[in-house]
file work19.txt (compact mmCIF, C-alpha atoms)
# COMPACT_ATOMS: atom_id res chain seq x y z
CA MET M 1 27.81 98.13 -203.00
CA VAL M 2 25.83 101.19 -201.89
CA ALA M 3 27.87 101.29 -198.67
CA MET M 4 31.09 101.09 -200.69
CA MET M 5 29.88 103.96 -202.90
CA VAL M 6 29.03 106.15 -199.91
CA ALA M 7 32.42 105.44 -198.39
CA THR M 8 34.23 106.23 -201.62
CA MET M 9 32.33 109.48 -202.08
CA SER M 10 33.32 110.38 -198.53
CA PHE M 11 36.99 109.67 -199.30
CA ALA M 12 36.88 112.38 -201.94
CA GLN M 13 35.71 114.78 -199.23
CA ASN M 14 38.65 113.79 -196.97
CA THR M 15 36.30 112.27 -194.40
CA VAL M 16 37.31 108.96 -192.83
CA VAL M 17 34.59 106.33 -192.81
CA ALA M 18 34.00 103.10 -190.92
CA SER M 19 31.41 100.81 -192.49
CA LEU M 20 29.90 98.18 -190.18
CA ASN M 21 28.42 95.13 -191.89
CA HIS M 22 26.07 93.19 -189.63
CA GLU M 23 24.11 90.29 -191.13
CA GLY M 24 24.22 91.87 -194.59
CA GLU M 25 23.19 95.37 -193.52
CA SER M 26 25.70 98.25 -193.54
CA THR M 27 25.88 101.19 -191.16
CA MET M 28 28.24 104.10 -191.87
CA PHE M 29 30.14 106.07 -189.21
CA TYR M 30 32.16 109.19 -190.00
CA GLY M 31 35.15 110.98 -188.56
CA VAL M 32 38.23 110.04 -186.54
CA GLY M 33 36.04 108.44 -183.85
CA SER M 34 34.12 106.27 -186.31
CA LEU M 35 36.12 103.11 -185.56
CA GLN M 36 35.25 103.48 -181.88
CA GLN M 37 31.57 103.87 -182.76
CA ALA M 38 31.58 100.91 -185.14
CA VAL M 39 33.29 98.61 -182.63
CA ALA M 40 30.81 99.64 -179.92
CA GLU M 41 27.88 98.72 -182.20
CA ALA M 42 29.42 95.54 -183.64
CA ALA M 43 28.68 91.95 -182.69
CA SER M 44 30.99 88.95 -182.94
CA GLY M 45 31.38 87.95 -186.61
CA ASP M 46 30.72 91.44 -188.01
CA ILE M 47 33.01 93.15 -190.54
CA ILE M 48 34.22 96.74 -190.16
CA SER M 49 35.72 98.27 -193.32
CA LEU M 50 37.86 101.37 -192.87
CA SER M 51 38.60 104.00 -195.49
CA SER M 52 41.95 105.66 -196.08
CA GLY M 53 42.93 108.05 -193.31
CA THR M 54 43.54 108.00 -189.57
CA PHE M 55 41.18 106.56 -186.96
CA ASN M 56 41.38 106.86 -183.19
CA ALA M 57 42.21 103.56 -181.49
CA THR M 58 39.76 101.61 -179.34
CA ASN M 59 40.06 98.43 -177.27
CA ILE M 60 38.55 95.34 -178.89
CA THR M 61 36.76 92.57 -177.00
CA LYS M 62 34.76 91.03 -179.88
CA ALA M 63 35.72 88.54 -182.59
CA ILE M 64 35.22 90.99 -185.45
CA THR M 65 37.04 91.51 -188.75
CA LEU M 66 38.80 94.84 -189.37
CA ARG M 67 39.67 95.72 -192.98
CA GLY M 68 41.76 98.62 -194.28
CA VAL M 69 42.78 99.74 -197.75
CA GLY M 70 46.26 98.16 -197.60
CA ILE M 71 49.57 99.22 -196.06
CA ASP M 72 51.11 99.92 -199.48
CA ASN M 73 48.16 102.04 -200.59
CA GLU M 74 49.01 105.62 -201.57
CA ASN M 75 46.71 106.68 -198.71
CA PRO M 76 46.78 103.86 -196.14
CA THR M 77 44.43 103.17 -193.26
CA TYR M 78 46.01 104.18 -189.93
CA ILE M 79 44.93 103.48 -186.37
CA GLU M 80 46.33 106.18 -184.08
CA GLY M 81 47.20 105.32 -180.48
CA GLY M 82 47.64 102.10 -178.55
CA PHE M 83 44.86 99.59 -177.93
CA ASN M 84 44.23 96.14 -176.42
CA ILE M 85 42.80 93.09 -178.16
CA ASN M 86 41.24 90.72 -175.63
CA VAL M 87 38.33 88.78 -177.08
CA SER M 88 36.29 87.51 -174.16
CA GLU M 89 33.53 85.76 -176.10
CA GLU M 90 34.67 84.38 -179.42
CA GLY M 91 32.14 81.60 -180.16
CA SER M 92 32.79 80.20 -183.63
CA ASN M 93 34.37 83.45 -184.90
CA ARG M 94 37.92 84.72 -184.64
CA PHE M 95 39.38 88.21 -184.60
CA THR M 96 40.92 89.21 -187.95
CA MET M 97 42.79 92.33 -189.07
CA GLU M 98 43.96 93.02 -192.63
CA GLY M 99 45.44 95.94 -194.56
CA ILE M 100 45.93 98.36 -191.64
CA ARG M 101 48.86 100.33 -190.20
CA CYS M 102 48.88 100.61 -186.41
CA LYS M 103 50.89 103.57 -185.09
CA GLY M 104 50.61 102.77 -181.38
CA GLU M 105 51.36 99.71 -179.27
CA VAL M 106 48.94 96.82 -179.79
CA LYS M 107 48.58 94.56 -176.75
CA LEU M 108 47.26 91.01 -177.04
CA GLY M 109 45.86 89.41 -173.90
CA GLY M 110 43.42 86.93 -172.48
CA THR M 111 42.75 83.32 -173.39
CA PHE M 112 41.07 83.42 -176.82
CA SER M 113 42.39 81.52 -179.84
CA SER M 114 43.59 82.03 -183.40
CA PRO M 115 43.58 85.81 -183.94
CA TYR M 116 44.70 86.44 -187.52
CA PHE M 117 46.81 89.41 -188.62
CA VAL M 118 47.55 89.59 -192.33
CA LYS M 119 49.17 92.25 -194.52
CA CYS M 120 49.34 94.74 -191.63
CA GLN M 121 52.11 96.97 -190.30
CA PHE M 122 52.69 97.47 -186.59
CA TRP M 123 54.99 99.63 -184.50
CA ARG M 124 54.84 97.39 -181.44
CA ILE M 125 52.99 94.23 -180.39
CA ASN M 126 53.10 93.31 -176.71
CA GLY M 127 51.38 91.10 -174.15
CA ILE M 128 49.06 92.35 -171.43
CA GLY M 129 50.10 90.11 -168.51
CA ASN M 130 51.76 86.87 -167.43
CA THR M 131 48.41 85.02 -167.42
CA ASP M 132 47.89 85.53 -171.18
CA ALA M 133 47.21 82.22 -172.91
CA ILE M 134 46.24 83.03 -176.49
CA GLU M 135 46.43 79.96 -178.72
CA ASN M 136 48.01 80.26 -182.15
CA VAL M 137 48.32 83.96 -182.88
CA MET M 138 48.76 84.01 -186.68
CA VAL M 139 50.88 86.77 -188.25
CA VAL M 140 51.15 86.50 -192.04
CA ASN M 141 52.74 88.94 -194.54
CA CYS M 142 53.10 91.61 -191.86
CA LYS M 143 55.77 94.07 -190.72
CA VAL M 144 56.54 94.81 -187.07
CA THR M 145 59.04 97.67 -186.98
CA ASP M 146 59.95 98.18 -183.27
CA PHE M 147 59.31 95.01 -181.24
CA PHE M 148 57.05 91.95 -180.84
CA ARG M 149 56.87 90.47 -177.33
CA GLN M 150 54.54 87.92 -175.80
CA GLY M 151 54.32 86.29 -172.37
CA GLY M 152 52.26 83.84 -170.36
CA SER M 153 51.66 80.70 -172.40
CA THR M 154 50.73 82.46 -175.67
CA THR M 155 51.81 80.72 -178.88
CA VAL M 156 52.60 82.68 -182.04
CA SER M 157 53.08 81.58 -185.65
CA LEU M 158 55.01 84.08 -187.77
CA VAL M 159 54.79 83.47 -191.52
CA ASN M 160 56.59 85.42 -194.28
CA SER M 161 56.84 88.55 -192.13
CA TYR M 162 59.46 91.08 -190.99
CA ILE M 163 59.75 91.12 -187.20
CA ALA M 164 61.95 93.56 -185.25
CA GLU M 165 63.08 92.57 -181.73
CA PRO M 166 61.04 89.39 -181.19
CA GLY M 167 60.91 88.17 -177.58
CA VAL M 168 59.06 85.64 -175.42
CA TYR M 169 58.60 85.44 -171.64
CA GLU M 170 57.32 82.85 -169.16
CA ASN M 171 56.12 79.86 -171.26
CA ALA M 172 55.25 81.70 -174.48
CA HIS M 173 56.91 80.61 -177.71
CA PHE M 174 57.19 81.56 -181.38
CA MET M 175 57.40 79.49 -184.54
CA ALA M 176 58.80 81.56 -187.43
CA THR M 177 58.71 80.39 -191.04
CA ASN M 178 60.28 82.37 -193.90
CA CYS M 179 60.61 85.47 -191.77
CA ILE M 180 63.22 88.20 -191.51
CA LEU M 181 64.07 88.93 -187.88
CA SER M 182 66.29 91.64 -186.45
CA LYS M 183 67.34 91.67 -182.80
CA TYR M 184 70.06 93.30 -180.75
CA ASN M 185 70.38 90.31 -178.37
CA PRO M 186 69.32 87.01 -180.01
CA GLY M 187 70.36 85.23 -176.82
CA ASP M 188 67.85 87.24 -174.80
CA ASN M 189 64.25 86.01 -174.48
CA MET M 190 64.21 83.72 -177.50
CA GLN M 191 63.82 80.39 -175.68
CA ASN M 192 61.72 77.53 -177.06
CA THR M 193 61.49 79.17 -180.49
CA ILE M 194 61.59 77.33 -183.81
CA PHE M 195 62.95 78.98 -186.95
CA LYS M 196 62.56 77.58 -190.48
CA ASN M 197 63.88 79.25 -193.64
CA CYS M 198 64.42 82.52 -191.76
CA ILE M 199 66.96 85.32 -192.05
CA TYR M 200 68.22 86.60 -188.69
CA TRP M 201 70.24 89.81 -188.36
CA THR M 202 71.86 90.94 -185.12
CA THR M 203 74.11 93.85 -184.18
CA ASN M 204 75.42 92.59 -180.82
CA GLN M 205 78.63 90.57 -180.98
CA TRP M 206 78.57 89.77 -177.23
CA ASN M 207 75.17 88.13 -176.82
CA TYR M 208 74.45 86.89 -180.29
CA LYS M 209 73.81 83.15 -179.85
CA LEU M 210 70.31 81.71 -179.71
CA PRO M 211 69.53 79.83 -176.45
CA ILE M 212 69.95 76.06 -176.44
CA SER M 213 66.18 75.49 -176.15
CA SER M 214 65.58 76.97 -179.63
CA LYS M 215 65.83 75.20 -182.98
CA ALA M 216 66.73 76.44 -186.45
CA TYR M 217 66.41 74.75 -189.84
CA ASN M 218 67.87 76.08 -193.10
CA CYS M 219 68.26 79.61 -191.78
CA LEU M 220 70.65 82.43 -192.61
CA SER M 221 72.30 84.69 -190.01
CA ILE M 222 74.05 88.05 -190.47
CA PRO M 223 76.86 88.76 -189.51
CA TYR M 224 77.42 86.29 -186.61
CA ASP M 225 76.79 82.56 -186.37
CA ILE M 226 73.87 82.62 -183.93
CA PHE M 227 73.25 78.85 -184.16
CA THR M 228 76.33 77.45 -182.40
CA ASN M 229 74.55 76.76 -179.07
CA LEU M 230 71.73 74.78 -180.66
CA THR M 231 71.59 70.99 -180.46
CA ASP M 232 69.24 70.78 -183.43
CA SER M 233 70.36 73.23 -186.14
CA PRO M 234 71.00 71.62 -189.54
CA ASN M 235 71.86 73.39 -192.80
CA ASN M 236 72.22 76.92 -191.45
CA THR M 237 74.39 79.59 -193.10
CA THR M 238 76.15 82.76 -191.93
CA MET M 239 77.07 85.73 -194.13
CA ALA M 240 79.16 88.78 -193.28
CA ALA M 241 77.01 91.76 -194.29
CA LEU M 242 73.45 92.85 -195.09
CA THR M 243 74.62 93.89 -198.55
CA ASP M 244 75.61 90.27 -199.23
CA VAL M 245 72.00 89.22 -198.71
CA PHE M 246 69.65 92.11 -199.52
CA THR M 247 69.42 94.52 -202.44
CA ASP M 248 67.95 97.36 -200.35
CA PHE M 249 67.78 96.51 -196.63
CA ASN M 250 70.78 98.25 -195.05
CA TRP M 251 69.96 99.44 -191.53
CA GLU M 252 71.18 102.90 -190.65
CA GLY M 253 69.39 103.42 -187.35
CA SER M 254 65.77 103.88 -188.37
CA TRP M 255 62.98 102.04 -190.16
CA SER M 256 62.30 102.70 -193.86
CA ASP M 257 59.06 101.90 -195.68
CA GLU M 258 61.10 101.69 -198.88
CA TRP M 259 62.73 98.38 -197.99
CA THR M 260 61.42 95.43 -200.00
CA PHE M 261 63.81 92.84 -198.47
CA THR M 262 64.53 91.44 -201.93
CA LEU M 263 67.47 89.03 -201.92
CA THR M 264 70.64 89.33 -203.95
CA GLU M 265 71.67 86.40 -206.11
CA THR M 266 73.99 85.33 -203.28
CA GLY M 267 71.08 85.47 -200.84
CA LYS M 268 68.82 83.50 -203.18
CA ALA M 269 71.41 80.73 -203.32
CA VAL M 270 70.58 79.83 -199.71
CA LYS M 271 67.70 77.37 -199.87
CA GLY M 272 65.01 76.60 -197.30
CA THR M 273 63.72 73.22 -196.18
CA ASP M 274 61.39 73.22 -199.21
CA GLY M 275 64.15 74.02 -201.72
CA LYS M 276 62.91 77.59 -202.21
CA GLU M 277 64.66 80.80 -201.15
CA VAL M 278 64.76 81.78 -197.50
CA GLY M 279 63.16 84.99 -196.27
CA LEU M 280 59.92 86.71 -197.25
CA TYR M 281 59.48 85.49 -200.83
CA GLY M 282 59.91 81.76 -200.34
CA GLY M 283 57.92 79.27 -198.31
CA PRO M 284 54.18 78.70 -197.95
CA GLN M 285 52.82 82.24 -198.36
CA PRO M 286 55.32 84.47 -200.21
CA PHE M 287 55.11 88.10 -199.13
CA ASN M 288 52.39 89.88 -201.09
CA LEU M 289 50.34 92.89 -199.98
CA THR M 290 47.39 92.33 -202.35
CA LEU M 291 44.27 92.26 -200.17
CA SER M 292 41.86 89.33 -200.00
CA TYR M 293 38.82 91.57 -200.68
CA PRO M 294 38.01 94.10 -203.45
CA LEU M 295 38.45 97.85 -203.20
CA ILE M 296 36.81 100.55 -205.31
CA SER M 297 39.54 102.05 -207.48
CA THR M 298 37.49 104.54 -209.53
CA MET M 299 33.97 105.93 -209.49
CA ASN M 300 32.28 108.35 -211.86
CA VAL M 301 28.85 109.75 -211.03
CA ASP M 302 26.80 111.89 -213.46
CA GLU M 303 25.92 115.34 -212.17
CA GLN M 304 22.18 114.76 -212.58
CA THR M 305 19.59 112.10 -213.32
CA ASP M 306 18.38 111.35 -216.83
CA ASP M 307 14.83 111.82 -218.16
CA ASN M 308 13.78 108.57 -216.45
CA GLY M 309 15.06 109.74 -213.07
CA GLN M 310 18.03 107.38 -213.14
CA LEU M 311 21.54 108.35 -212.09
CA LYS M 312 24.42 106.84 -214.06
CA VAL M 313 27.23 105.50 -211.87
CA GLU M 314 30.37 103.77 -213.15
CA ILE M 315 32.47 101.89 -210.60
CA GLY M 316 35.91 100.32 -211.04
CA VAL M 317 36.84 97.59 -208.57
CA LYS M 318 40.25 95.99 -208.07

call {"tool": "encode", "arguments": {"input": "work19.txt", "output": "structure tokens"}}
result
Amino acid sequence: MVAMMVATMSFAQNTVVASLNHEGESTMFYGVGSLQQAVAEAASGDIISLSSGTFNATNITKAITLRGVGIDNENPTYIEGGFNINVSEEGSNRFTMEGIRCKGEVKLGGTFSSPYFVKCQFWRINGIGNTDAIENVMVVNCKVTDFFRQGGSTTVSLVNSYIAEPGVYENAHFMATNCILSKYNPGDNMQNTIFKNCIYWTTNQWNYKLPISSKAYNCLSIPYDIFTNLTDSPNNTTMAALTDVFTDFNWEGSWSDEWTFTLTETGKAVKGTDGKEVGLYGGPQPFNLTLSYPLISTMNVDEQTDDNGQLKVEIGVK
């Protein structure tokens, strides 16, 4: 709690703070380089909590947990610049990232397992090389706004997320559940991918069909029928326009943070394999940006101590 108070007081002074929690003890680092300092000092299993503001990127080779203040926060946590995540010694821990916006390209590489990205926003996610073999990359309630590509033999589970330009290479493959995907060429680099309860939008009428090695179940495509090449593709639907499906998502050439991807009544009429709506708000983990850990929302500190030398502090946590 003391560490949280120090961080919050620093927020008011427009200073970004990284708080490293190691075996119950907190160490505070300040300034745009504080994430780099905290990662350098951290051990596998440690938690690094980041304030609002922008932090310089740093490569990560440890199974730590990174926490931000939420991508829908009035003052989000940003990581500026590209960085690699390649956890060489994971032990019983796994790398986790929550509530952070990444402005640069994030590259995933190596052979570690089960990295977990939840309630984050990315510009780009890419692989490092054709020998990457990450097992079960988990992406839940996230937004990827430019592209998401993986190679080698990496496996990725996408759950209730928006993914722009997904693509796999070599023997990598995706499984997408209740996702919204947008891609210029669905027929390009989407082999061995499984889609369930997804919405898939494409703008290319010449290379719009998914490859025969993919599968789709109870999905919706806009505006072309991308499923016609598939041997296993039951209960899929095609609609003519984004406005038939979404109340606010209407692409005009650039990403907008204002899109909620809420379905129209016509869109909600399309049901997934579980009988719920397709897209972000159906399925196993409906899209929700509420963080899994508390944040200080308010703090009032008296200007001076009382007669007993005590300082009154009132803290609001949400």

call {"tool": "closest_residue", "arguments": {"input": "work19.txt", "among": "M:Ile212, M:Val278, M:Met138, M:Ile71", "to": "Cys198 in chain M", "atoms": "all atoms listed in the file"}}
result
M:Val278

call {"tool": "residues_around", "arguments": {"input": "work19.txt", "residues": "Ala133 in chain M", "least_positions_apart": "2", "cutoff": "8 Å", "atoms": "all atoms listed in the file", "output": "MDAnalysis selection string"}}
result
chainID M and resid 109:112 131 135 152:155

call {"tool": "residues_around", "arguments": {"input": "work19.txt", "residues": "Glu23 in chain M", "least_positions_apart": "5", "cutoff": "12 Å", "atoms": "all atoms listed in the file", "output": "VMD selection string"}}
result
chain M and resid 42 to 47

call {"tool": "closest_residue", "arguments": {"input": "work19.txt", "among": "M:Val139, M:Leu181, M:Val144, M:Leu108", "to": "Arg124 in chain M", "atoms": "only C-alpha atoms"}}
result
M:Val144

call {"tool": "closest_residue", "arguments": {"input": "work19.txt", "among": "M:Thr231, M:Gln36, M:Thr266, M:Thr177", "to": "Ile194 in chain M", "atoms": "only C-alpha atoms"}}
result
M:Thr177

call {"tool": "residues_around", "arguments": {"input": "work19.txt", "residues": "Asn207 in chain M", "least_positions_apart": "6", "cutoff": "8 Å", "atoms": "all atoms listed in the file", "output": "list in words"}}
result
Asn185, Pro186, Gly187 and Asp188 of chain M

call {"tool": "residues_around", "arguments": {"input": "work19.txt", "residues": "Tyr169 in chain M", "least_positions_apart": "3", "cutoff": "12 Å", "atoms": "all atoms listed in the file", "output": "ChimeraX atom specification"}}
result
/M:126-133,148-155,166,172-174,188-193

call {"tool": "residues_around", "arguments": {"input": "work19.txt", "residues": "range 50-66 of chain M", "least_positions_apart": "2", "cutoff": "6 Å", "atoms": "all atoms listed in the file", "output": "number ranges by chain"}}
result
M: 16-18, 32-33, 36, 44-48, 68, 75-81, 83-88, 90, 93-97

call {"tool": "atom_distance", "arguments": {"input": "work19.txt", "atom1": "CA of Glu258 in chain M", "atom2": "CA of Val159 in chain M"}}
result
20.6 Å

call {"tool": "closest_residue", "arguments": {"input": "work19.txt", "among": "M:Val137, M:Leu230, M:Asp274, M:Thr145", "to": "Gly253 in chain M", "atoms": "all atoms listed in the file"}}
result
M:Thr145

call {"tool": "atom_distance", "arguments": {"input": "work19.txt", "atom1": "CA of Leu220 in chain M", "atom2": "CA of Asn236 in chain M"}}
result
5.8 Å

call {"tool": "closest_residue", "arguments": {"input": "work19.txt", "among": "M:Tyr281, M:Phe195, M:Phe287, M:Tyr162", "to": "Phe147 in chain M", "atoms": "all atoms listed in the file"}}
result
M:Tyr162

call {"tool": "atom_distance", "arguments": {"input": "work19.txt", "atom1": "CA of Glu25 in chain M", "atom2": "CA of Gly91 in chain M"}}
result
21.2 Å

call {"tool": "closest_residue", "arguments": {"input": "work19.txt", "among": "M:Phe122, M:Pro211, M:Ala241, M:Gly31", "to": "Phe227 in chain M", "atoms": "all atoms listed in the file"}}
result
M:Pro211

call {"tool": "residues_near_point", "arguments": {"input": "work19.txt", "point": "(63.8, 78.9, -191.8)", "cutoff": "10 Å", "atoms": "all atoms listed in the file", "output": "MDAnalysis selection string"}}
result
chainID M and resid 175:180 194:200 215:220 235:236 271:274 277:279 282:283

call {"tool": "write_last_selection", "arguments": {"input": "work19.txt", "atoms": "C-alpha atoms", "output": "compact mmCIF listing (two decimals), keeping the file's coordinate frame"}}
result
# COMPACT_ATOMS: atom_id res chain seq x y z
CA MET M 175 57.40 79.49 -184.54
CA ALA M 176 58.80 81.56 -187.43
CA THR M 177 58.71 80.39 -191.04
CA ASN M 178 60.28 82.37 -193.90
CA CYS M 179 60.61 85.47 -191.77
CA ILE M 180 63.22 88.20 -191.51
CA ILE M 194 61.59 77.33 -183.81
CA PHE M 195 62.95 78.98 -186.95
CA LYS M 196 62.56 77.58 -190.48
CA ASN M 197 63.88 79.25 -193.64
CA CYS M 198 64.42 82.52 -191.76
CA ILE M 199 66.96 85.32 -192.05
CA TYR M 200 68.22 86.60 -188.69
CA LYS M 215 65.83 75.20 -182.98
CA ALA M 216 66.73 76.44 -186.45
CA TYR M 217 66.41 74.75 -189.84
CA ASN M 218 67.87 76.08 -193.10
CA CYS M 219 68.26 79.61 -191.78
CA LEU M 220 70.65 82.43 -192.61
CA ASN M 235 71.86 73.39 -192.80
CA ASN M 236 72.22 76.92 -191.45
CA LYS M 271 67.70 77.37 -199.87
CA GLY M 272 65.01 76.60 -197.30
CA THR M 273 63.72 73.22 -196.18
CA ASP M 274 61.39 73.22 -199.21
CA GLU M 277 64.66 80.80 -201.15
CA VAL M 278 64.76 81.78 -197.50
CA GLY M 279 63.16 84.99 -196.27
CA GLY M 282 59.91 81.76 -200.34
CA GLY M 283 57.92 79.27 -198.31

call {"tool": "build_atoms", "arguments": {"input": "work19.txt", "residues": "range 161-177 of chain M", "atoms": "N, CA, C and O atoms", "output": "compact mmCIF listing (two decimals), keeping the file's coordinate frame"}}
result
# COMPACT_ATOMS: atom_id res chain seq x y z
N SER M 161 56.99 87.22 -192.72
CA SER M 161 56.84 88.55 -192.13
C SER M 161 58.20 89.10 -191.70
O SER M 161 59.14 88.33 -191.46
N TYR M 162 58.28 90.43 -191.58
CA TYR M 162 59.46 91.08 -190.99
C TYR M 162 59.13 91.40 -189.55
O TYR M 162 58.14 92.06 -189.25
N ILE M 163 60.00 90.94 -188.62
CA ILE M 163 59.75 91.12 -187.20
C ILE M 163 61.00 91.73 -186.56
O ILE M 163 62.07 91.12 -186.54
N ALA M 164 60.86 92.93 -186.00
CA ALA M 164 61.95 93.56 -185.25
C ALA M 164 61.84 93.16 -183.78
O ALA M 164 60.75 93.14 -183.21
N GLU M 165 62.96 92.85 -183.16
CA GLU M 165 63.08 92.57 -181.73
C GLU M 165 62.01 91.60 -181.22
O GLU M 165 61.21 91.93 -180.34
N PRO M 166 61.97 90.37 -181.75
CA PRO M 166 61.04 89.39 -181.19
C PRO M 166 61.50 88.96 -179.79
O PRO M 166 62.70 88.94 -179.50
N GLY M 167 60.55 88.62 -178.92
CA GLY M 167 60.91 88.17 -177.58
C GLY M 167 59.76 87.45 -176.91
O GLY M 167 58.60 87.83 -177.08
N VAL M 168 60.08 86.38 -176.16
CA VAL M 168 59.06 85.64 -175.42
C VAL M 168 59.45 85.58 -173.94
O VAL M 168 60.62 85.61 -173.59
N TYR M 169 58.41 85.47 -173.08
CA TYR M 169 58.60 85.44 -171.64
C TYR M 169 57.72 84.34 -171.06
O TYR M 169 56.79 83.85 -171.71
N GLU M 170 58.01 83.96 -169.80
CA GLU M 170 57.32 82.85 -169.16
C GLU M 170 57.35 81.62 -170.08
O GLU M 170 58.41 81.21 -170.52
N ASN M 171 56.18 81.08 -170.44
CA ASN M 171 56.12 79.86 -171.26
C ASN M 171 55.65 80.13 -172.69
O ASN M 171 55.29 79.19 -173.41
N ALA M 172 55.64 81.38 -173.10
CA ALA M 172 55.25 81.70 -174.48
C ALA M 172 56.31 81.20 -175.45
O ALA M 172 57.47 81.03 -175.09
N HIS M 173 55.91 80.96 -176.70
CA HIS M 173 56.91 80.61 -177.71
C HIS M 173 56.43 80.98 -179.11
O HIS M 173 55.24 81.09 -179.38
N PHE M 174 57.42 81.21 -179.98
CA PHE M 174 57.19 81.56 -181.38
C PHE M 174 57.59 80.40 -182.27
O PHE M 174 58.50 79.63 -181.95
N MET M 175 56.92 80.30 -183.41
CA MET M 175 57.40 79.49 -184.54
C MET M 175 57.44 80.43 -185.74
O MET M 175 56.42 80.99 -186.12
N ALA M 176 58.62 80.63 -186.31
CA ALA M 176 58.80 81.56 -187.43
C ALA M 176 59.18 80.80 -188.68
O ALA M 176 60.13 80.00 -188.67
N THR M 177 58.45 81.04 -189.76
CA THR M 177 58.71 80.39 -191.04
C THR M 177 58.87 81.45 -192.12
O THR M 177 58.00 82.31 -192.28
